[in-house]
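Q: input-v6.csv is the file, holding CSV, C-alpha atoms and all ligand atoms:
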chain,number,residue,atom,x,y,z
R,1,MET,CA,-86.3,77.1,-25.1
R,2,ALA,CA,-88.0,75.4,-28.1
R,3,ALA,CA,-86.1,72.5,-29.6
R,4,ARG,CA,-86.3,71.4,-33.2
R,5,PHE,CA,-85.5,67.9,-34.7
R,6,HIS,CA,-85.8,67.3,-38.4
R,7,ASN,CA,-85.1,64.3,-40.5
R,8,PRO,CA,-86.9,63.6,-43.8
R,9,VAL,CA,-85.6,60.1,-44.5
R,10,ASP,CA,-88.3,57.4,-44.9
R,11,VAL,CA,-86.7,54.8,-42.6
R,12,ARG,CA,-87.8,51.1,-42.7
R,13,PHE,CA,-86.2,48.9,-40.0
R,14,GLY,CA,-86.3,45.2,-39.3
R,15,LEU,CA,-85.2,41.7,-40.2
R,16,GLY,CA,-86.0,41.1,-43.9
R,17,VAL,CA,-87.0,44.7,-44.6
R,18,SER,CA,-84.5,44.8,-47.5
R,19,ALA,CA,-86.9,42.4,-49.4
R,20,SER,CA,-89.2,45.4,-50.0
R,21,LEU,CA,-86.5,47.0,-52.2
R,22,ALA,CA,-88.0,45.8,-55.5
R,23,GLU,CA,-91.5,47.0,-54.5
R,24,LEU,CA,-90.1,50.4,-53.6
R,25,VAL,CA,-88.2,50.7,-56.8
R,26,GLY,CA,-91.3,49.6,-58.8
R,27,ASP,CA,-90.8,49.8,-62.6
R,28,ARG,CA,-88.3,52.6,-62.4
R,29,SER,CA,-84.8,52.1,-63.8
R,30,CYS,CA,-82.1,51.7,-61.2
R,31,VAL,CA,-78.4,51.1,-60.6
R,32,VAL,CA,-76.9,49.4,-57.6
R,33,LEU,CA,-73.7,51.0,-56.2
R,34,THR,CA,-71.8,48.7,-53.9
R,35,PHE,CA,-68.3,47.4,-52.8
R,36,ALA,CA,-66.3,44.7,-54.4
R,37,GLU,CA,-66.8,42.1,-51.7
R,38,ALA,CA,-70.6,42.4,-51.7
R,39,GLY,CA,-71.0,39.5,-54.1
R,40,TYR,CA,-68.6,37.3,-52.1
R,41,LEU,CA,-70.6,38.1,-48.9
R,42,GLY,CA,-73.8,37.0,-50.6
R,43,LEU,CA,-75.3,40.4,-50.5
R,44,LEU,CA,-75.8,40.9,-54.2
R,45,ASN,CA,-77.6,37.9,-55.7
R,46,THR,CA,-81.0,38.4,-54.1
R,47,THR,CA,-80.9,42.1,-54.7
R,48,VAL,CA,-80.0,41.7,-58.4
R,49,GLU,CA,-82.6,39.0,-58.9
R,50,SER,CA,-85.4,41.0,-57.2
R,51,LEU,CA,-84.8,44.1,-59.3
R,52,GLY,CA,-85.0,42.1,-62.6
R,53,GLY,CA,-85.3,44.2,-65.8
R,54,CYS,CA,-85.3,47.5,-63.9
R,55,LEU,CA,-81.6,47.1,-63.1
R,56,LEU,CA,-79.3,49.0,-65.5
R,57,GLY,CA,-76.1,47.8,-63.8
R,58,VAL,CA,-74.1,47.1,-60.7
R,59,LEU,CA,-71.2,49.4,-60.0
R,60,ASP,CA,-69.1,47.6,-57.4
R,61,GLN,CA,-65.9,49.6,-57.4
R,62,VAL,CA,-66.4,51.6,-54.2
R,63,PRO,CA,-63.3,51.2,-52.0
R,64,ALA,CA,-63.1,51.9,-48.3
R,65,ASN,CA,-62.5,55.6,-47.6
R,66,PRO,CA,-63.1,56.7,-51.2
R,67,ASP,CA,-61.1,59.6,-52.5
R,68,VAL,CA,-61.7,62.1,-55.3
R,69,GLN,CA,-60.0,59.9,-57.9
R,70,ASP,CA,-62.3,57.0,-57.0
R,71,LEU,CA,-65.3,59.3,-57.2
R,72,GLU,CA,-64.4,60.3,-60.8
R,73,THR,CA,-63.9,56.6,-61.8
R,74,ILE,CA,-67.3,55.6,-60.5
R,75,TRP,CA,-69.0,58.7,-61.9
R,76,GLN,CA,-67.6,57.8,-65.4
R,77,ALA,CA,-69.1,54.4,-65.1
R,78,PHE,CA,-72.4,55.9,-63.9
R,79,ILE,CA,-72.8,58.3,-66.8
R,80,HIS,CA,-72.0,55.6,-69.3
R,81,LEU,CA,-74.9,53.4,-68.3
R,82,ASP,CA,-77.5,52.9,-71.1
R,83,GLN,CA,-79.7,55.6,-69.6
R,84,PRO,CA,-79.7,57.8,-66.5
R,85,PRO,CA,-81.2,55.7,-63.7
R,86,GLN,CA,-84.2,57.0,-61.8
R,87,VAL,CA,-83.1,55.3,-58.6
R,88,VAL,CA,-79.7,54.7,-57.1
R,89,VAL,CA,-79.5,51.8,-54.5
R,90,ALA,CA,-76.5,52.2,-52.2
R,91,LEU,CA,-75.8,48.8,-50.8
R,92,GLY,CA,-72.9,48.9,-48.4
R,93,GLY,CA,-71.4,50.8,-45.5
R,94,GLY,CA,-70.6,54.5,-45.1
R,95,SER,CA,-68.1,54.6,-48.0
R,96,VAL,CA,-70.7,53.3,-50.5
R,97,ILE,CA,-73.6,55.5,-49.2
R,98,ASP,CA,-71.4,58.6,-49.2
R,99,THR,CA,-70.2,57.9,-52.7
R,100,ALA,CA,-73.7,57.4,-53.9
R,101,LYS,CA,-74.7,60.8,-52.4
R,102,ALA,CA,-72.0,62.5,-54.4
R,103,ILE,CA,-72.8,60.7,-57.6
R,104,CYS,CA,-76.5,61.4,-57.3
R,105,THR,CA,-75.9,65.1,-57.4
R,106,ALA,CA,-73.9,64.9,-60.7
R,107,SER,CA,-75.5,63.7,-63.8
R,108,SER,CA,-73.4,65.7,-66.3
R,109,ALA,CA,-69.8,66.9,-66.7
R,110,GLN,CA,-71.0,70.3,-65.7
R,111,SER,CA,-72.8,69.1,-62.6
R,112,PHE,CA,-69.9,66.8,-61.7
R,113,HIS,CA,-67.6,69.8,-61.8
R,114,GLN,CA,-70.0,71.8,-59.7
R,115,MET,CA,-70.2,68.9,-57.2
R,116,MET,CA,-66.4,68.8,-56.9
R,117,ASN,CA,-66.4,72.6,-56.3
R,118,HIS,CA,-68.9,72.1,-53.5
R,119,LEU,CA,-66.9,69.3,-52.1
R,120,THR,CA,-63.6,71.1,-52.0
R,121,GLN,CA,-65.0,74.5,-50.9
R,122,GLY,CA,-67.5,73.1,-48.3
R,123,LEU,CA,-70.5,74.8,-49.9
R,124,ALA,CA,-74.0,73.3,-49.4
R,125,VAL,CA,-75.5,71.3,-52.2
R,126,GLU,CA,-79.0,72.8,-52.5
R,127,GLU,CA,-80.2,71.1,-55.7
R,128,ARG,CA,-82.4,68.1,-55.3
R,129,LEU,CA,-80.9,64.8,-56.3
R,130,THR,CA,-81.1,64.0,-60.0
R,131,CYS,CA,-82.4,60.5,-58.9
R,132,GLU,CA,-83.8,58.9,-55.8
R,133,LEU,CA,-81.3,57.6,-53.4
R,134,VAL,CA,-82.2,54.4,-51.5
R,135,ALA,CA,-79.6,53.6,-48.8
R,136,VAL,CA,-79.3,50.0,-47.7
R,137,PRO,CA,-76.6,49.8,-45.0
R,138,THR,CA,-74.7,46.5,-44.6
R,139,THR,CA,-72.9,47.6,-41.5
R,140,ALA,CA,-74.1,48.9,-38.2
R,141,GLY,CA,-72.2,52.1,-37.7
R,142,THR,CA,-72.1,54.8,-40.3
R,143,GLY,CA,-75.5,56.4,-39.9
R,144,SER,CA,-75.0,57.8,-43.4
R,145,GLU,CA,-78.4,56.4,-44.4
R,146,VAL,CA,-80.1,59.1,-42.3
R,147,THR,CA,-77.7,62.1,-42.6
R,148,PRO,CA,-77.3,64.9,-45.2
R,149,TRP,CA,-73.5,64.8,-45.7
R,150,ALA,CA,-70.8,62.6,-47.2
R,151,THR,CA,-67.0,62.3,-46.5
R,152,ILE,CA,-64.7,62.0,-49.5
R,153,TRP,CA,-60.9,62.0,-49.1
R,154,ASP,CA,-58.1,63.5,-51.2
R,155,LYS,CA,-55.3,61.2,-50.2
R,156,ALA,CA,-52.7,62.9,-52.5
R,157,ALA,CA,-53.4,66.2,-50.9
R,158,GLN,CA,-53.8,64.7,-47.4
R,159,LYS,CA,-57.2,66.3,-47.0
R,160,LYS,CA,-60.7,65.3,-45.9
R,161,TYR,CA,-63.7,66.9,-47.7
R,162,SER,CA,-67.2,67.0,-46.5
R,163,LEU,CA,-70.1,67.3,-49.0
R,164,GLN,CA,-73.2,68.5,-47.3
R,165,GLY,CA,-76.6,70.1,-47.9
R,166,PRO,CA,-80.3,69.3,-48.2
R,167,ALA,CA,-79.8,67.5,-51.6
R,168,LEU,CA,-77.8,64.8,-49.7
R,169,TRP,CA,-80.6,63.3,-47.6
R,170,PRO,CA,-81.4,59.8,-48.9
R,171,VAL,CA,-85.1,59.5,-49.8
R,172,ARG,CA,-85.3,56.1,-48.1
R,173,ALA,CA,-83.3,53.9,-45.8
R,174,LEU,CA,-83.8,50.2,-45.5
R,175,VAL,CA,-82.1,49.0,-42.3
R,176,ASP,CA,-82.1,45.2,-42.3
R,177,PRO,CA,-79.9,43.7,-39.6
R,178,ARG,CA,-79.7,40.5,-41.5
R,179,LEU,CA,-77.4,42.2,-44.1
R,180,SER,CA,-74.7,42.8,-41.4
R,181,GLN,CA,-74.7,39.2,-40.2
R,182,GLY,CA,-71.7,38.2,-42.4
R,183,CYS,CA,-69.8,41.4,-41.5
R,184,PRO,CA,-66.2,40.4,-40.6
R,185,ALA,CA,-64.9,41.1,-37.0
R,186,SER,CA,-62.7,44.1,-37.9
R,187,VAL,CA,-65.5,45.8,-39.7
R,188,THR,CA,-68.1,44.9,-37.0
R,189,LEU,CA,-65.8,46.5,-34.4
R,190,SER,CA,-64.9,49.6,-36.3
R,191,SER,CA,-68.5,50.2,-37.3
R,192,GLY,CA,-69.8,49.7,-33.8
R,193,LEU,CA,-67.2,52.1,-32.3
R,194,ASP,CA,-68.1,54.6,-35.0
R,195,SER,CA,-71.7,54.5,-33.9
R,196,LEU,CA,-70.7,54.8,-30.2
R,197,SER,CA,-68.7,57.9,-31.2
R,198,HIS,CA,-71.8,59.3,-33.0
R,199,ALA,CA,-73.9,58.9,-29.9
R,200,LEU,CA,-71.5,60.5,-27.5
R,201,GLU,CA,-70.6,63.3,-30.0
R,202,ALA,CA,-74.3,64.2,-30.2
R,203,LEU,CA,-74.3,64.7,-26.5
R,204,TRP,CA,-71.3,66.9,-25.9
R,205,ASN,CA,-72.4,69.0,-28.8
R,206,ARG,CA,-73.5,72.7,-29.0
R,207,HIS,CA,-76.5,71.5,-31.2
R,208,HIS,CA,-77.9,69.0,-28.7
R,209,ASN,CA,-81.7,68.8,-28.3
R,210,PRO,CA,-84.0,66.6,-26.2
R,211,VAL,CA,-84.9,64.3,-29.1
R,212,SER,CA,-81.3,63.7,-30.2
R,213,ASP,CA,-80.4,63.2,-26.5
R,214,ALA,CA,-82.9,60.4,-26.0
R,215,MET,CA,-81.7,58.6,-29.1
R,216,ALA,CA,-78.0,59.1,-28.3
R,217,VAL,CA,-78.4,57.8,-24.7
R,218,GLU,CA,-80.3,54.7,-25.8
R,219,ALA,CA,-77.8,54.1,-28.6
R,220,ALA,CA,-74.7,54.4,-26.3
R,221,LYS,CA,-76.1,52.2,-23.6
R,222,THR,CA,-77.0,49.5,-26.1
R,223,ILE,CA,-73.5,49.6,-27.8
R,224,LEU,CA,-71.7,49.4,-24.5
R,225,ARG,CA,-73.7,46.4,-23.5
R,226,VAL,CA,-73.9,44.6,-26.8
R,227,LEU,CA,-70.7,45.2,-28.8
R,228,PRO,CA,-68.3,43.1,-26.6
R,229,VAL,CA,-70.8,40.2,-26.6
R,230,LEU,CA,-71.3,40.4,-30.4
R,231,MET,CA,-67.5,40.3,-31.0
R,232,THR,CA,-67.5,36.8,-29.5
R,233,ASP,CA,-70.7,35.7,-31.3
R,234,LEU,CA,-70.6,37.4,-34.8
R,235,GLY,CA,-73.4,35.3,-36.2
R,236,ASN,CA,-75.9,36.2,-33.5
R,237,LEU,CA,-78.8,37.8,-35.3
R,238,GLY,CA,-80.4,39.1,-32.1
R,239,LEU,CA,-77.2,41.0,-31.2
R,240,ARG,CA,-76.9,42.2,-34.8
R,241,THR,CA,-80.4,43.5,-34.6
R,242,GLU,CA,-79.6,45.4,-31.4
R,243,MET,CA,-76.5,46.9,-32.9
R,244,ALA,CA,-78.3,47.9,-36.1
R,245,ARG,CA,-81.0,49.6,-34.0
R,246,ALA,CA,-78.4,51.4,-31.9
R,247,ALA,CA,-76.4,52.6,-35.0
R,248,LEU,CA,-79.6,53.9,-36.5
R,249,LEU,CA,-80.5,55.8,-33.4
R,250,ALA,CA,-77.0,57.2,-33.1
R,251,GLY,CA,-77.2,58.2,-36.8
R,252,LEU,CA,-80.6,60.0,-36.3
R,253,ALA,CA,-79.2,61.8,-33.2
R,254,PHE,CA,-76.1,63.2,-35.0
R,255,SER,CA,-78.1,63.9,-38.1
R,256,ASN,CA,-79.3,67.0,-36.2
R,257,THR,CA,-76.1,67.8,-34.2
R,258,LYS,CA,-73.3,66.8,-36.5
R,259,THR,CA,-70.2,65.2,-34.9
R,260,ALA,CA,-67.7,67.0,-32.7
R,261,LEU,CA,-64.2,66.9,-31.3
R,262,ALA,CA,-63.5,63.1,-31.5
R,263,HIS,CA,-64.3,63.1,-35.2
R,264,ALA,CA,-62.2,66.3,-35.7
R,265,ILE,CA,-59.2,64.5,-34.1
R,266,SER,CA,-59.8,61.3,-36.1
R,267,TYR,CA,-59.1,62.7,-39.6
R,268,ASP,CA,-55.4,63.1,-39.0
R,269,LEU,CA,-55.1,59.5,-37.9
R,270,THR,CA,-57.0,58.2,-41.0
R,271,LEU,CA,-55.0,60.3,-43.4
R,272,ARG,CA,-51.6,59.8,-41.7
R,273,LEU,CA,-51.9,56.2,-40.5
R,274,GLY,CA,-54.7,54.9,-42.6
R,275,LEU,CA,-56.5,54.0,-39.4
R,276,SER,CA,-60.1,52.9,-40.0
R,277,HIS,CA,-62.7,55.6,-39.3
R,278,GLY,CA,-64.3,53.8,-36.3
R,279,LEU,CA,-61.0,53.3,-34.5
R,280,ALA,CA,-59.7,56.8,-35.3
R,281,CYS,CA,-62.8,58.5,-33.9
R,282,SER,CA,-63.2,56.3,-30.8
R,283,PHE,CA,-59.7,55.9,-29.3
R,284,CYS,CA,-59.9,59.5,-28.0
R,285,LEU,CA,-63.4,59.3,-26.6
R,286,PRO,CA,-62.3,58.9,-23.0
R,287,ALA,CA,-60.0,62.0,-23.3
R,288,VAL,CA,-62.8,64.0,-24.8
R,289,LEU,CA,-65.3,62.7,-22.2
R,290,GLU,CA,-63.0,63.9,-19.4
R,291,ARG,CA,-63.2,67.4,-21.0
R,292,ALA,CA,-67.0,67.2,-21.3
R,293,LEU,CA,-67.8,66.4,-17.7
R,294,GLY,CA,-69.1,69.3,-15.6
R,295,LEU,CA,-69.7,71.7,-18.5
R,296,GLU,CA,-73.5,71.5,-18.4
R,297,ALA,CA,-75.8,69.8,-15.9
R,298,SER,CA,-78.0,68.3,-18.6
R,299,ARG,CA,-75.0,66.8,-20.3
R,300,ASP,CA,-73.8,65.3,-17.1
R,301,ASN,CA,-77.3,63.8,-16.6
R,302,CYS,CA,-77.2,62.1,-20.0
R,303,LEU,CA,-73.6,60.8,-19.4
R,304,ALA,CA,-74.7,59.5,-16.0
R,305,ALA,CA,-77.6,57.7,-17.6
R,306,ILE,CA,-75.0,55.9,-19.8
R,307,PHE,CA,-72.0,55.3,-17.5
R,308,GLY,CA,-73.7,55.3,-14.1
R,309,ASP,CA,-72.4,56.8,-10.8
R,310,PRO,CA,-70.0,58.1,-9.9
R,311,LEU,CA,-69.7,60.2,-13.0
R,312,GLU,CA,-66.1,60.9,-12.3
R,313,GLN,CA,-65.4,57.2,-13.1
R,314,ALA,CA,-67.1,57.5,-16.6
R,315,ALA,CA,-63.9,58.0,-18.5
R,316,THR,CA,-62.2,55.1,-16.7
R,317,ARG,CA,-65.1,52.9,-17.6
R,318,LEU,CA,-65.0,54.0,-21.2
R,319,ARG,CA,-61.3,53.5,-21.4
R,320,ALA,CA,-61.7,49.9,-20.0
R,321,PHE,CA,-64.4,49.2,-22.5
R,322,LEU,CA,-62.2,50.2,-25.4
R,323,ASN,CA,-59.1,48.5,-24.1
R,324,GLN,CA,-61.2,45.3,-23.6
R,325,LEU,CA,-61.9,45.4,-27.3
R,326,GLY,CA,-58.2,45.8,-28.2
R,327,VAL,CA,-58.4,49.6,-28.8
R,328,GLU,CA,-55.4,51.6,-27.5
R,329,THR,CA,-56.7,54.8,-25.9
R,330,SER,CA,-53.5,56.9,-25.5
R,331,PHE,CA,-52.2,59.3,-28.1
R,332,VAL,CA,-48.7,58.0,-27.7
R,333,ALA,CA,-49.8,54.6,-29.0
R,334,TYR,CA,-50.5,56.3,-32.3
R,335,GLY,CA,-47.2,58.1,-32.5
R,336,TYR,CA,-48.1,61.4,-30.9
R,337,ASP,CA,-45.8,62.6,-28.2
R,338,SER,CA,-47.1,65.3,-25.8
R,339,ALA,CA,-46.2,68.2,-28.2
R,340,ALA,CA,-47.8,66.5,-31.2
R,341,GLU,CA,-50.9,65.6,-29.2
R,342,ALA,CA,-51.3,69.3,-28.1
R,343,ALA,CA,-50.8,70.4,-31.8
R,344,LEU,CA,-53.4,67.9,-32.9
R,345,LEU,CA,-55.9,69.0,-30.3
R,346,ASP,CA,-55.3,72.7,-31.2
R,347,GLN,CA,-55.9,71.9,-34.9
R,348,ALA,CA,-59.0,69.8,-34.1
R,349,ILE,CA,-60.8,72.3,-31.9
R,350,MET,CA,-60.4,75.0,-34.5
R,351,SER,CA,-62.0,72.8,-37.2
R,352,PRO,CA,-65.7,72.9,-38.1
R,353,ARG,CA,-66.4,69.7,-36.3
R,354,GLY,CA,-64.3,70.7,-33.3
R,355,GLN,CA,-66.2,73.9,-32.9
R,356,ASN,CA,-69.4,71.8,-32.3
R,357,PHE,CA,-67.8,70.6,-29.0
R,358,LEU,CA,-69.6,72.0,-26.1
R,359,GLY,CA,-66.5,72.9,-24.1
R,360,PRO,CA,-64.8,76.3,-24.1
R,361,LEU,CA,-61.7,76.3,-26.3
R,362,GLY,CA,-59.5,76.6,-23.2
R,363,SER,CA,-60.9,73.3,-21.9
R,364,LEU,CA,-58.4,71.5,-24.0
R,365,ALA,CA,-55.6,72.7,-21.7
R,366,ARG,CA,-56.9,70.2,-19.1
R,367,SER,CA,-54.8,67.1,-19.2
R,368,GLY,CA,-56.1,63.9,-20.7
R,369,ARG,CA,-54.5,60.6,-21.0
X,401,FE,FE,-68.3,58.7,-37.8
Before we go any further, please render this structure as C-alpha cells.
Ligand SMILES: [Fe+2]

A:
Amino acid sequence: MAARFHNPVDVRFGLGVSASLAELVGDRSCVVLTFAEAGYLGLLNTTVESLGGCLLGVLDQVPANPDVQDLETIWQAFIHLDQPPQVVVALGGGSVIDTAKAICTASSAQSFHQMMNHLTQGLAVEERLTCELVAVPTTAGTGSEVTPWATIWDKAAQKKYSLQGPALWPVRALVDPRLSQGCPASVTLSSGLDSLSHALEALWNRHHNPVSDAMAVEAAKTILRVLPVLMTDLGNLGLRTEMARAALLAGLAFSNTKTALAHAISYDLTLRLGLSHGLACSFCLPAVLERALGLEASRDNCLAAIFGDPLEQAATRLRAFLNQLGVETSFVAYGYDSAAEAALLDQAIMSPRGQNFLGPLGSLARSGR
C-alpha cells in the first residue's frame, strides 16, 4: 500500500542556526512572542539586537499551558502594536509556539472571534496565516515547530481545546540546540519525556507510515539513551544537540500521525492536577505499550528495534527508565483507584486522540499496572 508523508515546514537545524533569524526576516516588520523568563535565561538580547528596526515589539506574557483568557490578553497586545507585523517569531517552548499559531490566524476582532469558534468547536482553520510564523524552539520536546495544531486550555471550564488545520503550519523552524542549554532540569525532563511520548505514539498509531516509523524509532532510541545522562549534565551541548535532534524527529513523525492514547489520558491529569504535559503523557506509556504489543507485526518490529529482545520485557524496561528519572508509573500514584483508572481509560479511548490508538477498543480491558 502506498504511504504518504507531508510536512511543509522549512526546517533549519544545528548549533548557531538561530543566528540566521535576522537574515530570514529581512526588512519585514516583526514581533517576538515569548515567555517571561526568556530575558532572564539570556535568550532575548541577541534576538532583539539582531532584528534591529524591524522589531515592533516583544510580547513576553505567554504562560505555561496558556488558556483562552491568556490568549485574549496576548491578542489584545498584538493588535495594539504600531502596525500589523509581517512576521511573528515564536521564541519558546510549545506553549509559546501554540499561542503564536492561534494569534497568527486572528488579525481583527472578527477573525479572533472566528478563531475562538474554530478552537472550541474543533473545526479546521483553512485560511492562510495573516503573517509568517517562524518557530524558534527553546526546549527539546514539543515538536510544535513542525506540526499544524495548537493546544489551548480552558481552565475555568476544565477543558482542553485543539486548534488545527493547514493554516497552522509554521513557515519556518529554526532548531538551535544551543537555545536549550540553559533549560532548567524540570523543563528538560518534562520536554524530553513529551518527545519520547510523541515518538511512541506515532508507532502505535492507526496513521503510521514507513517514514514516520523511521523517525520515531530513531527518536525513541536516542531519548532512552541520552535523557538520563543529560539530566546529570545539563550544560552538555553535545547531549543537548542529540536531544534537540530526537525531539525534532519525533515532532516530524507525529506531524503525520497525531498523538494517541497516552496523550488522551494525559489531559485529565493536566487539568485536574496541573501536572506538566510531559509527565502527564509519559507516566502511562508502559501501560499503553503493554496494550500495543502483539497487535501488528510491523509495530512489534519497531518496538523491538527500540527496546530489544525479548519484546515481552519492553514495558518493564520502559517502566524502569521512567522510575529512574523519578516518574511514578502507576495510576494510583496520581490518585486514581482501579474504578477511576477504568473510567479514565474509557473516556480516553473514545476521544479523538484515543481513537488514533492502533488497538481495538476492547484491548483496554487487558490489565495494566
Ligand atoms: Fe505532547

Q: Take the point (-70.7, 62.9, -50.8) in the file's coordinates, draw a sphere of radius 6 Å around it, and report as a ChimeraX atom specification every protein, DNA or RNA residue with an atom inside or on it, counting only C-alpha atoms.

A: /R:98-99,101-102,150-151,163

Q: Which residues are close to Leu33 of chain R, i.e. within 9 Å by only C-alpha atoms, leaving aside same-chain residues fewer than 3 positions away? Reply as a list in words.

A: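 That gives Gly57, Val58, Leu59, Asp60, Gln61, Val62, Ile74, Val88, Val89, Ala90, Leu91, Gly92, Val96, Ile97, Thr99 and Ala100 of chain R.
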
Q: Quick one: residues within 12 Å of Gln76 of chain R, all atoms listed in the file counted, chain neighbours fewer than 5 positions away excluded, as a list in words?

A: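 The neighbour list is Leu59, Gln61, Gln69, Asp70, Leu71, Leu81, Ile103, Ala106, Ser107, Ser108, Ala109 and Phe112 of chain R.
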
Q: One decimal, Å: what's the distance from atom CA of Thr259 of chain R over to atom CA of Gly308 of chain R, could you say?

A: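 Between these atoms lies a distance of 23.3 Å.
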
Q: Tell me which protein, DNA and RNA residues are within 7 Å of segment 9-26 of chain R, counting only C-alpha atoms, leaving out same-chain ones fewer than 4 positions away, and put them as a PyMOL selection string.

A: chain R and resi 50-51+146+169-178

Q: From the set R:Ala202, R:Ile152, R:Leu133, R:Val327, which residue has the shortest atom-to-atom contact distance to Tyr267 of chain R, counting only C-alpha atoms?

A: R:Ile152

Q: Contacts between ligand FE 401 (chain X) and chain R, please, where a residue of chain R counts if it comes within 8 Å (with all atoms listed in the file); show its shortest atom pair and distance in Å to one decimal, rows by chain and ascending number, as a Markdown table.

A:
| residue | atom | partner | partner_atom | distance |
| --- | --- | --- | --- | --- |
| R:Gly141 | CA | X:FE401 | FE | 7.7 |
| R:Thr142 | CA | X:FE401 | FE | 6.0 |
| R:Gly143 | CA | X:FE401 | FE | 7.8 |
| R:Asp194 | CA | X:FE401 | FE | 5.0 |
| R:Ser195 | CA | X:FE401 | FE | 6.7 |
| R:Ser197 | CA | X:FE401 | FE | 6.7 |
| R:His198 | CA | X:FE401 | FE | 6.0 |
| R:Thr259 | CA | X:FE401 | FE | 7.4 |
| R:His263 | CA | X:FE401 | FE | 6.5 |
| R:His277 | CA | X:FE401 | FE | 6.6 |
| R:Gly278 | CA | X:FE401 | FE | 6.5 |
| R:Cys281 | CA | X:FE401 | FE | 6.7 |
